[in-house]
$ cat query20.cif   # mmCIF, C-alpha atoms
data_query
loop_
_atom_site.label_atom_id
_atom_site.label_comp_id
_atom_site.auth_asym_id
_atom_site.auth_seq_id
_atom_site.Cartn_x
_atom_site.Cartn_y
_atom_site.Cartn_z
CA MET A 24 15.48 48.17 60.39
CA THR A 25 18.09 45.45 59.72
CA ILE A 26 17.36 42.12 58.20
CA GLY A 27 19.71 39.38 59.33
CA ALA A 28 19.41 37.09 56.29
CA PRO A 29 20.95 38.32 53.03
CA PRO A 30 18.87 38.32 49.83
CA THR A 31 19.00 35.13 47.73
CA ASP A 32 17.90 34.18 44.20
CA MET A 33 14.88 32.44 45.74
CA ALA A 34 13.34 35.37 47.56
CA ARG A 35 14.05 39.01 48.31
CA ILE A 36 12.77 41.00 51.33
CA VAL A 37 12.07 44.65 50.70
CA VAL A 38 11.18 47.28 53.29
CA ALA A 39 8.86 49.93 51.93
CA GLY A 40 6.86 52.36 54.03
CA GLY A 41 7.34 50.26 57.18
CA LEU A 42 5.98 47.10 55.48
CA VAL A 43 7.99 44.01 54.82
CA LEU A 44 7.35 42.74 51.27
CA LEU A 45 8.37 39.26 50.10
CA MET A 46 9.09 39.30 46.34
CA LEU A 47 9.47 35.91 44.64
CA THR A 48 12.00 35.57 41.89
CA SER A 49 11.48 33.83 38.58
CA THR A 50 12.72 30.54 40.02
CA LEU A 51 9.64 30.24 42.25
CA VAL A 52 7.32 31.61 39.60
CA GLY A 53 8.42 28.79 37.29
CA CYS A 54 7.49 26.24 39.94
CA LEU A 55 4.01 27.69 40.23
CA GLY A 56 3.41 27.12 36.50
CA SER A 57 4.44 23.40 36.66
CA GLY A 58 5.17 23.54 32.92
CA ASP A 59 1.45 23.28 31.97
CA ASP A 60 1.86 25.70 29.08
CA ASP A 61 4.15 23.17 27.41
CA LEU A 62 1.53 20.39 27.38
CA VAL A 63 -0.45 19.84 24.20
CA LEU A 64 -4.18 20.44 24.59
CA ASP A 65 -6.02 18.51 21.91
CA ALA A 66 -9.69 17.52 21.80
CA VAL A 67 -10.26 14.17 20.05
CA PHE A 68 -13.22 11.83 20.08
CA THR A 69 -14.53 8.73 18.33
CA PHE A 70 -18.03 7.27 18.17
CA SER A 71 -19.60 3.89 17.57
CA PRO A 72 -21.27 2.99 15.34
CA ALA A 73 -19.17 5.26 13.11
CA SER A 74 -21.67 5.28 10.23
CA ASN A 75 -25.20 4.26 9.24
CA ILE A 76 -26.71 5.63 12.47
CA ASN A 77 -30.48 5.31 12.83
CA GLU A 78 -32.69 7.74 14.70
CA GLY A 79 -33.16 6.61 18.29
CA GLU A 80 -30.12 4.30 18.17
CA VAL A 81 -27.66 4.51 21.07
CA VAL A 82 -24.34 5.99 19.97
CA PHE A 83 -21.27 5.67 22.22
CA PHE A 84 -18.79 8.57 22.33
CA ASP A 85 -15.23 8.31 23.62
CA ALA A 86 -12.82 11.22 24.23
CA SER A 87 -9.98 9.16 25.72
CA GLY A 88 -7.75 10.14 22.82
CA SER A 89 -7.71 13.77 23.96
CA LEU A 90 -4.49 15.26 25.33
CA PRO A 91 -3.11 15.51 27.92
CA SER A 92 -4.15 12.12 29.22
CA ASP A 93 -3.02 12.73 32.81
CA GLY A 94 -6.51 13.02 34.31
CA SER A 95 -6.47 16.82 34.45
CA LEU A 96 -9.17 17.37 31.81
CA THR A 97 -12.88 17.90 32.10
CA TYR A 98 -15.17 17.06 29.17
CA ARG A 99 -18.41 18.68 27.99
CA TRP A 100 -20.59 17.37 25.16
CA ASP A 101 -23.05 19.26 22.98
CA PHE A 102 -24.96 16.75 20.83
CA ASP A 103 -27.53 18.98 19.13
CA GLY A 104 -25.48 22.04 18.18
CA ASP A 105 -27.37 24.47 20.42
CA GLY A 106 -24.32 25.43 22.50
CA ALA A 107 -25.69 23.90 25.70
CA VAL A 108 -23.97 21.08 27.58
CA ASP A 109 -25.87 17.82 27.14
CA GLU A 110 -23.45 15.43 28.86
CA ILE A 111 -20.19 15.57 30.82
CA GLY A 112 -17.43 13.00 31.21
CA ARG A 113 -14.74 11.38 29.11
CA SER A 114 -17.32 9.01 27.58
CA ALA A 115 -21.00 9.52 26.90
CA GLU A 116 -24.04 7.98 25.19
CA TRP A 117 -26.63 9.73 23.07
CA ARG A 118 -29.70 8.96 20.98
CA PHE A 119 -30.36 11.28 18.06
CA PRO A 120 -34.12 11.85 17.86
CA THR A 121 -34.44 13.22 14.32
CA VAL A 122 -33.28 12.30 10.83
CA GLY A 123 -30.66 14.50 9.17
CA GLU A 124 -27.32 16.05 10.07
CA SER A 125 -26.39 16.69 13.70
CA THR A 126 -23.38 18.65 14.89
CA VAL A 127 -21.54 17.18 17.86
CA THR A 128 -19.02 19.29 19.76
CA LEU A 129 -16.62 18.12 22.47
CA THR A 130 -15.11 20.83 24.67
CA ILE A 131 -12.19 20.01 26.95
CA THR A 132 -10.48 22.21 29.54
CA ASP A 133 -7.56 21.85 31.91
CA GLY A 134 -8.85 24.68 34.09
CA VAL A 135 -6.91 27.33 32.18
CA ARG A 136 -7.09 26.48 28.50
CA THR A 137 -9.95 25.21 26.34
CA ALA A 138 -10.05 23.17 23.11
CA GLU A 139 -12.88 21.87 20.93
CA ALA A 140 -13.52 19.13 18.37
CA THR A 141 -16.60 19.11 16.12
CA ARG A 142 -18.00 16.33 13.96
CA THR A 143 -21.07 16.16 11.73
CA ILE A 144 -23.14 12.99 12.11
CA ILE A 145 -25.75 11.86 9.58
CA VAL A 146 -28.82 10.20 11.10
CA TYR A 147 -31.09 7.97 9.01
CA GLU A 148 -34.68 6.91 9.55
CA ALA A 149 -35.16 4.14 12.07
CA SER A 150 -36.20 1.53 9.48
CA ALA A 151 -33.25 2.12 7.12
CA GLU A 152 -30.79 -0.76 6.76
CA PRO A 153 -27.28 -0.48 5.33
CA PRO A 154 -26.56 -1.97 1.90
CA GLN A 155 -24.11 -4.81 1.27
CA ALA A 156 -21.05 -3.93 -0.80
CA SER A 157 -19.45 -6.84 -2.65
CA ILE A 158 -16.57 -6.92 -5.14
CA THR A 159 -16.61 -9.95 -7.42
CA THR A 160 -13.17 -11.60 -7.17
CA TYR A 161 -11.76 -13.86 -9.87
CA SER A 162 -8.57 -15.31 -11.29
CA SER A 163 -7.54 -16.85 -14.57
CA GLU A 164 -8.70 -20.47 -14.72
CA TRP A 165 -5.12 -21.40 -15.59
CA ASP A 166 -1.92 -19.49 -15.11
CA TYR A 167 0.34 -18.68 -18.02
CA PHE A 168 1.92 -22.14 -17.93
CA GLY A 169 -1.36 -24.03 -18.13
CA GLU A 170 -1.43 -24.98 -14.46
CA ASP A 171 -4.43 -24.42 -12.20
CA GLY A 172 -4.81 -20.73 -11.46
CA ASN A 173 -4.27 -19.31 -7.98
CA THR A 174 -7.73 -18.47 -6.61
CA GLY A 175 -8.96 -16.70 -3.49
CA THR A 176 -10.57 -13.49 -2.28
CA PHE A 177 -8.60 -11.35 -4.73
CA ILE A 178 -8.42 -10.49 -8.42
CA LEU A 179 -5.49 -12.00 -10.35
CA VAL A 180 -4.79 -10.98 -13.95
CA TRP A 181 -2.00 -12.28 -16.17
CA LEU A 182 -0.57 -9.70 -18.58
CA CYS A 183 1.16 -11.56 -21.39
CA GLU A 184 3.30 -10.46 -24.34
CA ASP A 185 3.87 -13.74 -26.13
CA ASP A 186 6.21 -12.84 -28.98
CA LYS A 187 8.05 -9.60 -28.37
CA ASP A 188 10.36 -8.22 -31.00
CA LEU A 189 14.02 -8.16 -30.00
CA SER A 190 14.11 -4.43 -30.76
CA ASP A 191 11.68 -3.95 -27.86
CA ARG A 192 13.46 -5.14 -24.75
CA ARG A 193 11.53 -3.04 -22.23
CA ILE A 194 8.51 -4.07 -20.17
CA GLU A 195 5.98 -1.26 -20.57
CA ALA A 196 2.72 -3.10 -21.20
CA SER A 197 -0.41 -2.50 -19.12
CA ALA A 198 -3.63 -4.42 -18.58
CA ASN A 199 -7.32 -3.55 -18.38
CA VAL A 200 -8.93 -5.01 -15.25
CA ARG A 201 -12.66 -5.70 -15.03
CA LEU A 202 -14.27 -4.55 -11.77
CA ASP A 203 -17.72 -5.91 -10.93
CA ALA A 204 -19.98 -4.85 -8.04
CA SER A 205 -23.15 -6.53 -9.27
CA ASP A 206 -23.27 -8.82 -6.23
CA SER A 207 -23.88 -5.79 -4.01
CA SER A 208 -27.40 -5.41 -2.65
CA PRO A 209 -29.60 -2.86 -0.83
CA GLY A 210 -30.38 -3.37 2.83
CA SER A 211 -34.11 -3.97 2.36
CA SER A 212 -36.61 -4.82 -0.36
CA ASP A 213 -37.92 -1.25 -0.50
CA ASP A 214 -34.44 0.21 -1.07
CA TRP A 215 -31.97 0.24 -3.96
CA ILE A 216 -28.32 0.99 -4.79
CA SER A 217 -27.95 4.55 -6.00
CA SER A 218 -24.18 4.64 -6.63
CA TRP A 219 -21.05 2.49 -6.88
CA VAL A 220 -17.77 4.34 -6.27
CA TRP A 221 -14.35 2.73 -6.78
CA ASP A 222 -11.27 4.05 -4.96
CA LEU A 223 -8.20 2.68 -6.73
CA ASP A 224 -5.65 4.04 -4.23
CA PRO A 225 -6.95 4.08 -0.64
CA ASN A 226 -3.63 5.51 0.59
CA ASP A 227 -4.17 8.76 -1.30
CA ASP A 228 -6.89 11.27 -0.36
CA SER A 229 -7.24 12.76 -3.83
CA ASP A 230 -10.52 14.59 -3.11
CA GLY A 231 -9.15 16.12 0.12
CA ASP A 232 -12.13 15.25 2.33
CA GLY A 233 -10.01 13.60 5.02
CA ASP A 234 -11.04 10.06 4.06
CA PRO A 235 -8.50 8.42 1.69
CA GLU A 236 -10.78 5.43 1.00
CA ASN A 237 -13.75 7.12 -0.66
CA ASP A 238 -12.25 8.87 -3.70
CA ALA A 239 -14.37 8.44 -6.83
CA ASP A 240 -11.65 7.23 -9.21
CA LEU A 241 -14.25 5.20 -11.13
CA GLU A 242 -18.05 5.07 -10.84
CA GLY A 243 -20.47 2.38 -11.91
CA GLU A 244 -21.68 -1.11 -11.13
CA GLU A 245 -19.37 -2.70 -13.71
CA VAL A 246 -16.33 -0.74 -14.85
CA GLU A 247 -13.01 -1.30 -16.60
CA TRP A 248 -9.85 -0.12 -14.87
CA GLN A 249 -7.55 0.74 -17.75
CA ASN A 250 -3.78 0.85 -18.14
CA VAL A 251 -2.86 -1.06 -14.98
CA MET A 252 0.85 -1.77 -14.81
CA PRO A 253 2.18 -5.04 -13.34
CA GLY A 254 1.82 -4.73 -9.59
CA GLU A 255 -0.17 -5.31 -6.42
CA TYR A 256 -3.05 -2.95 -5.67
CA GLU A 257 -5.70 -2.48 -3.00
CA ILE A 258 -9.09 -1.15 -4.10
CA VAL A 259 -12.15 -0.06 -2.12
CA LEU A 260 -15.77 -0.12 -3.31
CA THR A 261 -18.33 2.15 -1.64
CA VAL A 262 -22.01 1.59 -2.40
CA THR A 263 -24.75 4.02 -1.39
CA SER A 264 -28.36 3.01 -0.95
CA GLY A 265 -31.37 5.03 -2.07
CA LYS A 266 -31.91 5.99 1.59
CA GLY A 267 -28.38 7.35 1.80
CA MET A 268 -26.63 4.65 3.82
CA LYS A 269 -23.14 3.57 2.73
CA GLU A 270 -21.11 0.39 3.00
CA THR A 271 -17.67 -0.62 1.71
CA ASP A 272 -15.82 -3.69 0.49
CA GLU A 273 -12.17 -4.00 -0.40
CA THR A 274 -9.90 -6.47 -2.15
CA LYS A 275 -6.47 -6.87 -3.69
CA VAL A 276 -5.76 -6.75 -7.41
CA TYR A 277 -2.63 -8.48 -8.71
CA VAL A 278 -1.28 -8.06 -12.23
CA ASN A 279 1.40 -10.65 -13.07
CA TYR A 280 3.49 -10.24 -16.20
CA VAL A 281 5.07 -12.62 -18.73
CA GLY A 282 7.17 -11.34 -21.62
CA THR A 283 8.61 -13.78 -24.19
CA TRP A 284 11.20 -13.29 -26.94
CA LEU A 285 11.58 -16.09 -29.51
CA ASP A 286 14.22 -17.25 -32.02
CA PHE A 287 17.09 -14.78 -31.95
CA GLU A 288 20.87 -15.02 -31.84
CA ILE A 289 23.48 -13.61 -29.52
CA GLY A 290 26.91 -12.95 -30.92
CA GLY A 291 30.07 -14.66 -29.78
CA ASN A 292 32.92 -13.48 -27.60
CA SER A 293 35.32 -11.14 -29.34
CA THR A 294 38.34 -8.97 -28.65
CA SER A 295 35.97 -6.42 -27.11
CA GLY A 296 34.70 -8.96 -24.59
CA SER A 297 31.68 -11.15 -24.00
CA ALA A 298 28.54 -10.62 -26.07
CA GLU A 299 25.55 -9.32 -24.13
CA ILE A 300 21.86 -8.53 -24.74
CA THR A 301 20.17 -6.40 -22.07
CA PHE A 302 16.48 -6.44 -21.12
CA ASP A 303 14.86 -3.78 -18.91
CA MET A 304 12.65 -5.00 -16.09
CA PRO A 305 10.62 -2.68 -13.80
CA VAL A 306 10.50 -3.77 -10.16
CA VAL A 307 8.04 -2.30 -7.63
CA TYR A 308 8.53 -2.91 -3.91
CA ASP A 309 6.75 -0.30 -1.81
CA ARG A 310 5.42 -1.39 1.58
CA ASP A 311 3.76 1.98 2.24
CA SER A 312 1.47 1.60 -0.75
CA GLY A 313 1.16 -2.18 -0.35
CA ASN A 314 2.65 -2.76 -3.79
CA THR A 315 5.34 -5.39 -3.35
CA ILE A 316 6.69 -7.80 -5.92
CA SER A 317 6.75 -11.44 -4.80
CA LYS A 318 9.48 -12.67 -7.12
CA ALA A 319 10.86 -12.38 -10.65
CA VAL A 320 12.19 -15.17 -12.85
CA GLY A 321 14.33 -15.25 -15.97
CA HIS A 322 13.90 -18.34 -18.23
CA LEU A 323 16.35 -19.06 -21.02
CA THR A 324 16.16 -21.95 -23.50
CA TYR A 325 18.98 -22.51 -25.99
CA PRO A 326 20.44 -25.52 -27.87
CA GLN A 327 23.19 -27.54 -26.31
CA GLN A 328 24.96 -27.43 -29.69
CA ASP A 329 24.41 -24.97 -32.54
CA ASP A 330 24.53 -25.70 -36.27
CA ASP A 331 27.89 -23.94 -36.42
CA TRP A 332 29.23 -25.86 -33.43
CA VAL A 333 32.77 -27.17 -33.85
CA PRO A 334 33.89 -30.05 -31.60
CA GLY A 335 36.25 -28.94 -28.92
CA THR A 336 37.54 -30.24 -25.66
CA GLY A 337 36.22 -30.24 -22.11
CA ASN A 338 33.30 -27.99 -21.31
CA GLN A 339 33.76 -26.12 -24.57
CA ASN A 340 31.94 -28.93 -26.38
CA ASN A 341 28.52 -27.42 -25.67
CA ASN A 342 27.01 -23.97 -25.70
CA ARG A 343 26.71 -22.10 -22.43
CA LEU A 344 24.85 -18.87 -21.78
CA GLU A 345 24.53 -17.02 -18.49
CA LEU A 346 22.02 -14.61 -17.02
CA TYR A 347 23.15 -11.61 -14.96
CA VAL A 348 20.78 -9.42 -12.95
CA TYR A 349 21.51 -5.78 -12.03
CA ASP A 350 19.61 -3.34 -9.83
CA GLU A 351 18.70 0.25 -10.65
CA ASP A 352 22.21 1.42 -9.67
CA ASP A 353 23.75 -1.17 -12.02
CA ASP A 354 25.06 -3.17 -9.06
CA GLU A 355 25.10 -6.90 -9.73
CA VAL A 356 22.46 -8.76 -7.73
CA LEU A 357 23.12 -12.34 -8.87
CA ASN A 358 24.06 -14.48 -11.85
CA SER A 359 23.65 -18.06 -13.07
CA SER A 360 27.33 -19.04 -13.31
CA SER A 361 27.04 -21.52 -10.43
CA ILE A 362 24.23 -23.46 -12.15
CA GLY A 363 25.77 -26.52 -13.78
CA ASP A 364 24.87 -28.05 -17.13
CA ASP A 365 23.18 -30.96 -15.39
CA GLN A 366 20.80 -28.47 -13.75
CA ARG A 367 19.90 -26.91 -17.10
CA THR A 368 17.80 -29.79 -18.38
CA ASP A 369 15.10 -29.71 -15.68
CA GLY A 370 11.47 -28.91 -16.36
CA ASP A 371 8.58 -30.61 -18.08
CA ASP A 372 8.86 -28.45 -21.20
CA CYS A 373 12.60 -28.88 -21.63
CA ASN A 374 13.91 -31.15 -24.39
CA ASP A 375 16.81 -32.42 -22.33
CA ASP A 376 18.34 -34.28 -25.28
CA GLU A 377 18.83 -31.11 -27.31
CA ASP A 378 18.36 -28.02 -25.15
CA TYR A 379 19.54 -26.32 -22.02
CA CYS A 380 16.76 -24.69 -20.00
CA LEU A 381 18.17 -22.16 -17.54
CA GLU A 382 15.98 -20.66 -14.80
CA LEU A 383 17.18 -17.83 -12.54
CA PRO A 384 14.74 -16.73 -9.79
CA ILE A 385 15.04 -13.37 -7.99
CA SER A 386 13.47 -13.31 -4.54
CA SER A 387 11.45 -10.50 -3.02
CA TYR A 388 14.14 -10.17 -0.35
CA GLN A 389 16.70 -9.25 -2.99
CA MET A 390 14.33 -6.59 -4.32
CA GLY A 391 13.27 -5.32 -0.88
CA GLU A 392 13.84 -1.97 0.76
CA SER A 393 16.61 -3.27 3.03
CA THR A 394 18.66 -4.80 0.20
CA HIS A 395 18.82 -3.62 -3.42
CA GLY A 396 15.48 -1.79 -3.54
CA ASP A 397 13.13 -1.45 -6.48
CA GLY A 398 13.34 0.57 -9.66
CA ASP A 399 14.48 -0.10 -13.22
CA TRP A 400 16.37 -3.40 -13.08
CA THR A 401 18.03 -5.24 -15.98
CA ILE A 402 18.53 -8.88 -16.95
CA VAL A 403 21.46 -9.55 -19.28
CA ILE A 404 22.04 -12.60 -21.48
CA HIS A 405 25.79 -13.17 -21.44
CA ASN A 406 27.79 -15.23 -23.98
CA ASP A 407 31.44 -15.91 -23.21
CA ARG A 408 31.89 -18.54 -25.94
CA TRP A 409 33.48 -17.73 -29.27
CA ASN A 410 30.52 -18.80 -31.43
CA ASP A 411 27.12 -17.23 -32.00
CA ILE A 412 24.38 -19.01 -30.07
CA LYS A 413 20.77 -19.29 -31.09
CA VAL A 414 18.25 -18.51 -28.34
CA GLU A 415 15.06 -20.47 -28.73
CA ARG A 416 13.19 -18.61 -26.03
CA PHE A 417 13.85 -15.99 -23.36
CA ARG A 418 11.14 -15.18 -20.87
CA ILE A 419 10.80 -12.71 -17.97
CA ILE A 420 8.08 -13.31 -15.39
CA LEU A 421 7.06 -10.79 -12.71
CA TYR A 422 5.03 -12.38 -9.92
CA TYR A 423 3.05 -10.06 -7.68
CA LYS A 424 0.93 -13.04 -6.65
CA THR A 425 2.42 -16.53 -6.61
#
$ encode --input "query20.cif" --output "structure tokens"
Amino acid sequence: MTIGAPPTDMARIVVAGGLVLLMLTSTLVGCLGSGDDDLVLDAVFTFSPASNINEGEVVFFDASGSLPSDGSLTYRWDFDGDGAVDEIGRSAEWRFPTVGESTVTLTITDGVRTAEATRTIIVYEASAEPPQASITTYSSEWDYFGEDGNTGTFILVWLCEDDKDLSDRRIEASANVRLDASDSSPGSSDDWISSWVWDLDPNDDSDGDGDPENDADLEGEEVEWQNVMPGEYEIVLTVTSGKGMKETDETKVYVNYVGTWLDFEIGGNSTSGSAEITFDMPVVYDRDSGNTISKAVGHLTYPQQDDDWVPGTGNQNNNRLELYVYDEDDDEVLNSSSIGDDQRTDGDDCNDDEDYCLELPISSYQMGESTHGDGDWTIVIHNDRWNDIKVERFRIILYYKT
């Protein structure tokens, strides 16, 4: 028997025992599969309310986050852990009839493969009411400069080193921050608060339970958070009632820093170059952790003329000091050389008849991730004049909350 059409890579005709057999090649087999094996099959569901569920309360379940989302899936729900299907469909409602833990399982299938997701739900008695978690927020009544303090729904602490020795030109101090949850309350008069748990870093799941906001870094109604470096922090309080219900509150904690050095001298220019005194300044700018510096400021107060001043000519008549700022890689960020003498007598606390008061602000943009970045920065006092100059006061301020 002769076949007129020659074999192709799409199909091949074989004669065997008087029967004509059509054998499909791998090209057609691939079309039959439609690439389904390459699609992710993932069972995912959420429920509302997500906590503090009472017996008999309607709970709404949603599996729309499951994959693939092309409409090919079927959904089966087991709400009591007995292995039987209680509901079908991408969304479902259920009332849990008894107090205690219930195991909920979602099973999805695309007709070939199957995937499951299981969650444990805690059900409380019908009369139980959730507690109220409340962090007491506060700020200093005045800021470091005696002006009205910045207040709001946050905690603001000023960390001050008022008279640092010139031999210590690093900023390494830390503060102790008072945390108070005494305004929290149980949900009903027959209930009470059984625990207060403070999570000091809600971005880190230190206990590994899958919830980064419930780590017990500190416990107690009123606690002291010790050794807090200058920075911006988010904290979460979780209170648990005597009936087992939980509720959370969160707030920001800001620790601003002021370091002051008083009454020292900087040498004069010499054959080896300008005289310099370097101060180390830590800068934190991390959007992922929510710890971002708002700005930094260098303040320098020095006399317009020293005791050993010798009359000269032009701008050499008076003293002149500069501030230079460098990032962690020792790249220059900015300096004060463009600030004229007439701009160095501003400020309410500046004796403009005798002193120069130089202020050099550093913006958060300059310290941001897209510019110089954070790290160990330095501020340098720079003297290009021949004579020694007395510094009445040098101050570094780190603002995490302005």
$ closest_residue --input "query20.cif" --among "A:Arg99, A:Lys275, A:Arg416, A:Lys266" --to "Phe177 of chain A" --atoms "only C-alpha atoms"
A:Lys275
$ residues_around --input "query20.cif" --residues "Tyr388 of chain A" --least-positions-apart "6" --cutoff "9 Å" --atoms "all atoms listed in the file" --output "PDB file with C-alpha atoms, keeping the file's coordinate frame"
ATOM      1  CA  SER A 317       6.750 -11.440  -4.800  1.00  0.00           C
ATOM      2  CA  LYS A 318       9.480 -12.670  -7.120  1.00  0.00           C
ATOM      3  CA  THR A 394      18.660  -4.800   0.200  1.00  0.00           C
ATOM      4  CA  HIS A 395      18.820  -3.620  -3.420  1.00  0.00           C
TER       5      HIS A 395
END
$ resolve_selection --input "query20.cif" --expression "the PyMOL selection byres ((chain A and resi 279-287) around 8)" --output "short mmCIF file (atom, residue, chain, number, x, y, z; two decimals) with C-alpha atoms, in the coordinates of the input"
data_model
loop_
_atom_site.label_atom_id
_atom_site.label_comp_id
_atom_site.auth_asym_id
_atom_site.auth_seq_id
_atom_site.Cartn_x
_atom_site.Cartn_y
_atom_site.Cartn_z
CA TYR A 167 0.34 -18.68 -18.02
CA LEU A 179 -5.49 -12.00 -10.35
CA VAL A 180 -4.79 -10.98 -13.95
CA TRP A 181 -2.00 -12.28 -16.17
CA LEU A 182 -0.57 -9.70 -18.58
CA CYS A 183 1.16 -11.56 -21.39
CA GLU A 184 3.30 -10.46 -24.34
CA ASP A 185 3.87 -13.74 -26.13
CA ASP A 186 6.21 -12.84 -28.98
CA LYS A 187 8.05 -9.60 -28.37
CA ASP A 188 10.36 -8.22 -31.00
CA LEU A 189 14.02 -8.16 -30.00
CA ILE A 194 8.51 -4.07 -20.17
CA PRO A 253 2.18 -5.04 -13.34
CA GLY A 254 1.82 -4.73 -9.59
CA TYR A 277 -2.63 -8.48 -8.71
CA VAL A 278 -1.28 -8.06 -12.23
CA GLU A 288 20.87 -15.02 -31.84
CA ILE A 289 23.48 -13.61 -29.52
CA LYS A 413 20.77 -19.29 -31.09
CA VAL A 414 18.25 -18.51 -28.34
CA GLU A 415 15.06 -20.47 -28.73
CA ARG A 416 13.19 -18.61 -26.03
CA PHE A 417 13.85 -15.99 -23.36
CA ARG A 418 11.14 -15.18 -20.87
CA ILE A 419 10.80 -12.71 -17.97
CA ILE A 420 8.08 -13.31 -15.39
CA LEU A 421 7.06 -10.79 -12.71
CA TYR A 422 5.03 -12.38 -9.92
CA TYR A 423 3.05 -10.06 -7.68
CA LYS A 424 0.93 -13.04 -6.65
#
$ closest_residue --input "query20.cif" --among "A:Glu80, A:Asp228, A:Asp309, A:Asp93" --to "Asp240 of chain A" --atoms "only C-alpha atoms"
A:Asp228
$ closest_residue --input "query20.cif" --among "A:Glu351, A:Asp371, A:Asp103, A:Asp411" --to "Asp329 of chain A" --atoms "only C-alpha atoms"
A:Asp411
$ residues_around --input "query20.cif" --residues "Gln327 of chain A" --least-positions-apart "4" --cutoff "9 Å" --atoms "all atoms listed in the file" --output "number ranges by chain"
A: 340-343, 375-379
$ write_last_selection --input "query20.cif" --atoms "C-alpha atoms" --output "mmCIF file, in the frame of the given file"
data_model
loop_
_atom_site.group_PDB
_atom_site.id
_atom_site.type_symbol
_atom_site.label_atom_id
_atom_site.label_comp_id
_atom_site.auth_asym_id
_atom_site.auth_seq_id
_atom_site.Cartn_x
_atom_site.Cartn_y
_atom_site.Cartn_z
ATOM 1 C CA ASN A 340 31.940 -28.930 -26.380
ATOM 2 C CA ASN A 341 28.520 -27.420 -25.670
ATOM 3 C CA ASN A 342 27.010 -23.970 -25.700
ATOM 4 C CA ARG A 343 26.710 -22.100 -22.430
ATOM 5 C CA ASP A 375 16.810 -32.420 -22.330
ATOM 6 C CA ASP A 376 18.340 -34.280 -25.280
ATOM 7 C CA GLU A 377 18.830 -31.110 -27.310
ATOM 8 C CA ASP A 378 18.360 -28.020 -25.150
ATOM 9 C CA TYR A 379 19.540 -26.320 -22.020
#
$ atom_distance --input "query20.cif" --atom1 "atom CA of Thr137 of chain A" --atom2 "atom CA of Pro72 of chain A"
27.3 Å
$ atom_distance --input "query20.cif" --atom1 "atom CA of Thr141 of chain A" --atom2 "atom CA of Trp117 of chain A"
15.4 Å
$ resolve_selection --input "query20.cif" --expression "the PyMOL selection byres ((chain A and resi 355) around 12)" --output "MDAnalysis selection string"
chainID A and resid 346:354 356:359 389 395 400:403
$ build_atoms --input "query20.cif" --residues "segment 238-250 of chain A" --atoms "N, CA and C atoms" --output "PDB file, keeping the file's coordinate frame"
ATOM      1  N   ASP A 238     -12.428   8.064  -2.492  1.00  0.00           N
ATOM      2  CA  ASP A 238     -12.250   8.870  -3.700  1.00  0.00           C
ATOM      3  C   ASP A 238     -12.927   8.194  -4.891  1.00  0.00           C
ATOM      4  N   ALA A 239     -13.620   8.975  -5.689  1.00  0.00           N
ATOM      5  CA  ALA A 239     -14.370   8.440  -6.830  1.00  0.00           C
ATOM      6  C   ALA A 239     -13.456   8.362  -8.051  1.00  0.00           C
ATOM      7  N   ASP A 240     -12.526   7.401  -8.055  1.00  0.00           N
ATOM      8  CA  ASP A 240     -11.650   7.230  -9.210  1.00  0.00           C
ATOM      9  C   ASP A 240     -12.402   6.637 -10.399  1.00  0.00           C
ATOM     10  N   LEU A 241     -13.352   5.733 -10.116  1.00  0.00           N
ATOM     11  CA  LEU A 241     -14.250   5.200 -11.130  1.00  0.00           C
ATOM     12  C   LEU A 241     -15.638   5.087 -10.511  1.00  0.00           C
ATOM     13  N   GLU A 242     -16.679   5.185 -11.332  1.00  0.00           N
ATOM     14  CA  GLU A 242     -18.050   5.070 -10.840  1.00  0.00           C
ATOM     15  C   GLU A 242     -18.828   4.142 -11.756  1.00  0.00           C
ATOM     16  N   GLY A 243     -19.623   3.276 -11.148  1.00  0.00           N
ATOM     17  CA  GLY A 243     -20.470   2.380 -11.910  1.00  0.00           C
ATOM     18  C   GLY A 243     -20.485   0.983 -11.323  1.00  0.00           C
ATOM     19  N   GLU A 244     -21.537   0.240 -11.652  1.00  0.00           N
ATOM     20  CA  GLU A 244     -21.680  -1.110 -11.130  1.00  0.00           C
ATOM     21  C   GLU A 244     -20.645  -2.053 -11.736  1.00  0.00           C
ATOM     22  N   GLU A 245     -20.403  -1.938 -13.029  1.00  0.00           N
ATOM     23  CA  GLU A 245     -19.370  -2.700 -13.710  1.00  0.00           C
ATOM     24  C   GLU A 245     -18.520  -1.732 -14.511  1.00  0.00           C
ATOM     25  N   VAL A 246     -17.225  -1.703 -14.213  1.00  0.00           N
ATOM     26  CA  VAL A 246     -16.330  -0.740 -14.850  1.00  0.00           C
ATOM     27  C   VAL A 246     -15.061  -1.460 -15.303  1.00  0.00           C
ATOM     28  N   GLU A 247     -14.301  -0.778 -16.145  1.00  0.00           N
ATOM     29  CA  GLU A 247     -13.010  -1.300 -16.600  1.00  0.00           C
ATOM     30  C   GLU A 247     -11.923  -0.351 -16.125  1.00  0.00           C
ATOM     31  N   TRP A 248     -11.017  -0.883 -15.349  1.00  0.00           N
ATOM     32  CA  TRP A 248      -9.850  -0.120 -14.870  1.00  0.00           C
ATOM     33  C   TRP A 248      -8.758  -0.280 -15.915  1.00  0.00           C
ATOM     34  N   GLN A 249      -8.436   0.799 -16.592  1.00  0.00           N
ATOM     35  CA  GLN A 249      -7.550   0.740 -17.750  1.00  0.00           C
ATOM     36  C   GLN A 249      -6.110   1.066 -17.379  1.00  0.00           C
ATOM     37  N   ASN A 250      -5.205   0.532 -18.190  1.00  0.00           N
ATOM     38  CA  ASN A 250      -3.780   0.850 -18.140  1.00  0.00           C
ATOM     39  C   ASN A 250      -3.167   0.572 -16.763  1.00  0.00           C
TER      40      ASN A 250
END
